[in-house]
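A.B. asks: Let me give you the structure first, and then I'll get to my questions.
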Amino acid sequence: MARKEAREFAMQTLFQIDVHKDFENPDIEKYIGTKKLGNQKEYVKTLLTQICANIAQVDEKINECSENWPTVRMAKTDLAITRIAVGEILFFEDIPKAVAINEAVNLAKDYGTETSPKFINAILGKVEK
């Protein structure tokens, strides 16, 4: 599995975790289930674990950078995509920030609304600084 598909799966899984309000102690293995992640399994597990363990920090960073649009008002899909990118920026030194942002914008084009890519790019541009 390529990193792009792993990000998509992580975004979908994070969306489910959010819907179930399961950030406090999620069973990541349960969410992964029988999904064949290949060489990306450790990346997905680490990313989801780090985001869930540090959800307050991740959301605080998003809220600091999203003018008048707190996480509680964001569309769940946009929020999941933004959390994935912020998680990569904060917790994965081996992923360039520009790559995390670019991939988030691409996810927003595929899964968000017409305005999602620009909205997410603006937030992540501020997070990067």
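Labels for the structure tokens follow display order: chains A, B, ..., residues from 1 in each chain, ligands from 1.
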Which neighbours of Leu47 (chain A) fall inside 10 Å, counting only C-alpha atoms, when residues of the same chain fewer than 6 positions from it are skipped, and could you give them as a PDB file with C-alpha atoms, in the first residue's frame?
C.D. replies:
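For reference, part-v2.pdb as written:
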ATOM      1  CA  ARG A   7      -3.339   8.640   4.567  1.00  0.00           C
ATOM      2  CA  ALA A  10      -6.012   7.090   8.430  1.00  0.00           C
ATOM      3  CA  LEU A  14      -9.858   9.283  12.410  1.00  0.00           C
ATOM      4  CA  LYS A  41       0.762  -0.336   8.928  1.00  0.00           C
ATOM      5  CA  ALA A  53      -2.926  10.725  22.572  1.00  0.00           C
ATOM      6  CA  ARG A  83      -5.723  16.556  11.985  1.00  0.00           C
ATOM      7  CA  ILE A  84      -3.832  14.045   9.817  1.00  0.00           C
ATOM      8  CA  ALA A  85      -1.616  16.795   8.386  1.00  0.00           C
ATOM      9  CA  GLY A  87      -0.193  15.060  13.201  1.00  0.00           C
ATOM     10  CA  GLU A  88       2.388  14.535  10.474  1.00  0.00           C
ATOM     11  CA  PHE A  91       5.047  14.026  15.181  1.00  0.00           C
ATOM     12  CA  PHE A  92       6.838  12.864  11.993  1.00  0.00           C
TER      13      PHE A  92
END
A.B. asks: If we count only C-alpha atoms and set the cut-off at 10 Å, which residues sit around Ser66 (chain A), ignoring sequence neighbours fewer than 2 positions away in its own chain? Please answer as a VMD selection string.
C.D. replies: chain A and resid 60 to 64 68 to 71 74 119 to 120 122 to 124 126 to 127
A.B. asks: As an exercise, work out the distance from CA of Glu93 (chain A) to CA of Asn121 (chain A) in Å and give it to one decimal place.
C.D. replies: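 Separating CA of Glu93 (chain A) from CA of Asn121 (chain A) is a distance of 19.7 Å.
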A.B. asks: Just to confirm, what's the straight-line distance from CA of Tyr43 (chain A) to CA of Asp94 (chain A) in Å (one decimal)?
C.D. replies: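 Separation between CA of Tyr43 (chain A) and CA of Asp94 (chain A): 11.3 Å.
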A.B. asks: Which region 85-115 of chain A residues have any atom within 12 Å of an atom of region 2-5 of chain A, and for each, what is the nearest pair of atoms with distance in Å to one decimal, counting only C-alpha atoms, rows sorted by chain and number, as CSV?
C.D. replies:
residue,atom,partner,partner_atom,distance
A:Ile95,CA,A:Arg3,CA,11.0
A:Val99,CA,A:Lys4,CA,10.9
A:Ala100,CA,A:Lys4,CA,10.6
A:Asn102,CA,A:Lys4,CA,11.0
A:Glu103,CA,A:Lys4,CA,7.5
A:Ala104,CA,A:Lys4,CA,9.9
A:Val105,CA,A:Lys4,CA,11.9
A:Asn106,CA,A:Lys4,CA,9.4
A:Leu107,CA,A:Lys4,CA,8.8
A:Asp110,CA,A:Lys4,CA,11.8
A.B. asks: Select, from A:Glu24, A:Asp18, A:Glu29, A:Asp78, the residue with the minimum atom-to-atom distance to Thr115 (chain A), counting only C-alpha atoms.
C.D. replies: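 For Thr115 (chain A), the nearest of the candidates is A:Asp78.
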A.B. asks: In chain A, what's alpha helix (DSSP H) per DSSP? Answer as a ChimeraX atom specification?
C.D. replies: /A:3-19,28-32,41-53,55-65,76-91,97-111,116-128
A.B. asks: Under the rule that only C-alpha atoms are counted, which of A:Ala6, A:Thr46, A:Val86, A:Gln12 is the nearest residue to Cys65 (chain A)?
C.D. replies: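 Nearest to Cys65 (chain A): A:Val86.
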A.B. asks: Hey, can you check how far CA of Lys97 (chain A) sits from CA of Lys129 (chain A)?
C.D. replies: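 Pair CA of Lys97 (chain A) / CA of Lys129 (chain A) returns 9.8 Å.
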A.B. asks: Taking only C-alpha atoms into account, name the residue in A:Ser116, A:Ala80, A:Glu128, A:Lys36 that is nearest to Pro96 (chain A).
C.D. replies: A:Glu128
